[in-house]
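Presented below is the structure to which this report refers.
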Amino acid sequence: MKKLILSAAIILGGITAQAANTVQTVSTIQSVINIQDDFKEVTADSLPAEVKSTIEKSFPNTKLEKAYKNDKNEYKLEIANGDKKFTIYTDASGAIIKK
């Protein structure tokens, strides 16, 4: 009888711990989605000259794949060099921003 009660307690404890981890994962995913929603895709032609210049000088031999802009006039730029892809952030003056 003691083994049965002990086994039930261990199983319930394990299920409770697993449920707590699942809730934490869901909230992390929602935070990432909210950050990405602030940016809207724009064409490469609509980028300011300063932003284009920063890409050319700081990241030579790369190709601009996609560009996004948010309400604060910050730009999210997806660039590629061969099979390597990078995401950088700049402001309207071309200064690189850490995100």
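Every chain in the structure tokens takes a letter, A first, then B, and so on in the order presented; its residues are numbered from 1, and the ligands are numbered from 1 following the presented order.
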Considering only C-alpha atoms, return as a ChimeraX atom specification whatever protein or nucleic-acid residues lie within 10 Å of range 75-85 of chain A, sequence-local ones (same chain, fewer than 6 positions apart) excluded.
/A:36,39-42,44,47-48,51,55,59-69,91-92,94,96-97,99
Those residues you just picked out, can you put them in a file as a PDB file, in the first residue's frame with N, CA and C atoms?
ATOM      1  N   GLN A  36       8.022  40.841 -33.456  1.00  0.00           N
ATOM      2  CA  GLN A  36       8.077  40.801 -34.909  1.00  0.00           C
ATOM      3  C   GLN A  36       6.910  41.536 -35.553  1.00  0.00           C
ATOM      4  N   PHE A  39       7.126  45.385 -37.100  1.00  0.00           N
ATOM      5  CA  PHE A  39       7.749  45.715 -38.372  1.00  0.00           C
ATOM      6  C   PHE A  39       6.853  45.311 -39.533  1.00  0.00           C
ATOM      7  N   LYS A  40       6.801  46.193 -40.530  1.00  0.00           N
ATOM      8  CA  LYS A  40       6.035  45.910 -41.741  1.00  0.00           C
ATOM      9  C   LYS A  40       7.015  45.908 -42.920  1.00  0.00           C
ATOM     10  N   GLU A  41       6.821  44.972 -43.837  1.00  0.00           N
ATOM     11  CA  GLU A  41       7.743  44.825 -44.957  1.00  0.00           C
ATOM     12  C   GLU A  41       7.673  46.030 -45.894  1.00  0.00           C
ATOM     13  N   VAL A  42       8.847  46.471 -46.345  1.00  0.00           N
ATOM     14  CA  VAL A  42       8.963  47.579 -47.296  1.00  0.00           C
ATOM     15  C   VAL A  42       9.887  47.127 -48.432  1.00  0.00           C
ATOM     16  N   ALA A  44      13.098  47.502 -51.085  1.00  0.00           N
ATOM     17  CA  ALA A  44      14.487  47.964 -50.961  1.00  0.00           C
ATOM     18  C   ALA A  44      14.633  49.378 -51.505  1.00  0.00           C
ATOM     19  N   LEU A  47      14.156  52.298 -48.921  1.00  0.00           N
ATOM     20  CA  LEU A  47      15.122  52.497 -47.836  1.00  0.00           C
ATOM     21  C   LEU A  47      15.877  53.812 -48.031  1.00  0.00           C
ATOM     22  N   PRO A  48      16.158  54.528 -46.947  1.00  0.00           N
ATOM     23  CA  PRO A  48      16.970  55.748 -47.064  1.00  0.00           C
ATOM     24  C   PRO A  48      18.382  55.421 -47.562  1.00  0.00           C
ATOM     25  N   VAL A  51      20.843  54.099 -44.938  1.00  0.00           N
ATOM     26  CA  VAL A  51      20.690  52.693 -44.563  1.00  0.00           C
ATOM     27  C   VAL A  51      21.362  51.804 -45.606  1.00  0.00           C
ATOM     28  N   ILE A  55      24.739  49.215 -45.122  1.00  0.00           N
ATOM     29  CA  ILE A  55      24.794  47.811 -45.538  1.00  0.00           C
ATOM     30  C   ILE A  55      26.016  47.572 -46.423  1.00  0.00           C
ATOM     31  N   PHE A  59      28.740  45.552 -44.345  1.00  0.00           N
ATOM     32  CA  PHE A  59      28.535  44.159 -44.733  1.00  0.00           C
ATOM     33  C   PHE A  59      28.788  43.995 -46.231  1.00  0.00           C
ATOM     34  N   PRO A  60      30.058  44.102 -46.653  1.00  0.00           N
ATOM     35  CA  PRO A  60      30.348  43.978 -48.090  1.00  0.00           C
ATOM     36  C   PRO A  60      30.047  42.561 -48.585  1.00  0.00           C
ATOM     37  N   ASN A  61      29.755  42.462 -49.836  1.00  0.00           N
ATOM     38  CA  ASN A  61      29.462  41.180 -50.507  1.00  0.00           C
ATOM     39  C   ASN A  61      28.209  40.501 -49.953  1.00  0.00           C
ATOM     40  N   THR A  62      27.273  41.286 -49.439  1.00  0.00           N
ATOM     41  CA  THR A  62      26.005  40.718 -48.988  1.00  0.00           C
ATOM     42  C   THR A  62      24.882  41.227 -49.879  1.00  0.00           C
ATOM     43  N   LYS A  63      23.782  40.507 -49.840  1.00  0.00           N
ATOM     44  CA  LYS A  63      22.616  40.878 -50.638  1.00  0.00           C
ATOM     45  C   LYS A  63      21.451  41.128 -49.688  1.00  0.00           C
ATOM     46  N   LEU A  64      20.747  42.228 -49.881  1.00  0.00           N
ATOM     47  CA  LEU A  64      19.565  42.530 -49.092  1.00  0.00           C
ATOM     48  C   LEU A  64      18.420  41.650 -49.578  1.00  0.00           C
ATOM     49  N   GLU A  65      17.894  40.811 -48.684  1.00  0.00           N
ATOM     50  CA  GLU A  65      16.809  39.913 -49.070  1.00  0.00           C
ATOM     51  C   GLU A  65      15.447  40.505 -48.747  1.00  0.00           C
ATOM     52  N   LYS A  66      15.287  41.040 -47.523  1.00  0.00           N
ATOM     53  CA  LYS A  66      14.023  41.640 -47.124  1.00  0.00           C
ATOM     54  C   LYS A  66      14.306  42.827 -46.223  1.00  0.00           C
ATOM     55  N   ALA A  67      13.397  43.785 -46.249  1.00  0.00           N
ATOM     56  CA  ALA A  67      13.521  44.959 -45.396  1.00  0.00           C
ATOM     57  C   ALA A  67      12.174  45.225 -44.734  1.00  0.00           C
ATOM     58  N   TYR A  68      12.227  45.623 -43.464  1.00  0.00           N
ATOM     59  CA  TYR A  68      11.026  45.918 -42.687  1.00  0.00           C
ATOM     60  C   TYR A  68      11.225  47.254 -41.983  1.00  0.00           C
ATOM     61  N   LYS A  69      10.112  47.941 -41.716  1.00  0.00           N
ATOM     62  CA  LYS A  69      10.163  49.240 -41.039  1.00  0.00           C
ATOM     63  C   LYS A  69       9.096  49.259 -39.961  1.00  0.00           C
ATOM     64  N   ASP A  91      18.642  52.525 -37.586  1.00  0.00           N
ATOM     65  CA  ASP A  91      17.674  53.622 -37.539  1.00  0.00           C
ATOM     66  C   ASP A  91      17.678  54.298 -38.909  1.00  0.00           C
ATOM     67  N   ALA A  92      16.925  55.368 -39.055  1.00  0.00           N
ATOM     68  CA  ALA A  92      16.778  56.025 -40.356  1.00  0.00           C
ATOM     69  C   ALA A  92      18.087  56.658 -40.833  1.00  0.00           C
ATOM     70  N   GLY A  94      20.981  55.245 -40.536  1.00  0.00           N
ATOM     71  CA  GLY A  94      21.888  54.186 -40.901  1.00  0.00           C
ATOM     72  C   GLY A  94      22.716  53.638 -39.755  1.00  0.00           C
ATOM     73  N   ILE A  96      23.613  51.356 -36.733  1.00  0.00           N
ATOM     74  CA  ILE A  96      23.196  50.007 -36.355  1.00  0.00           C
ATOM     75  C   ILE A  96      22.710  50.005 -34.913  1.00  0.00           C
ATOM     76  N   ILE A  97      21.580  49.335 -34.685  1.00  0.00           N
ATOM     77  CA  ILE A  97      20.941  49.265 -33.371  1.00  0.00           C
ATOM     78  C   ILE A  97      21.072  47.844 -32.860  1.00  0.00           C
ATOM     79  N   LYS A  99      19.513  44.855 -30.871  1.00  0.00           N
ATOM     80  CA  LYS A  99      18.192  44.386 -30.446  1.00  0.00           C
ATOM     81  C   LYS A  99      18.326  43.073 -29.742  1.00  0.00           C
TER      82      LYS A  99
END
Quick one: pull the distance between CA of Ser46 in chain A and CA of Asp71 in chain A, Å, one decimal.
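Separating CA of Ser46 in chain A from CA of Asp71 in chain A is a distance of 14.8 Å.
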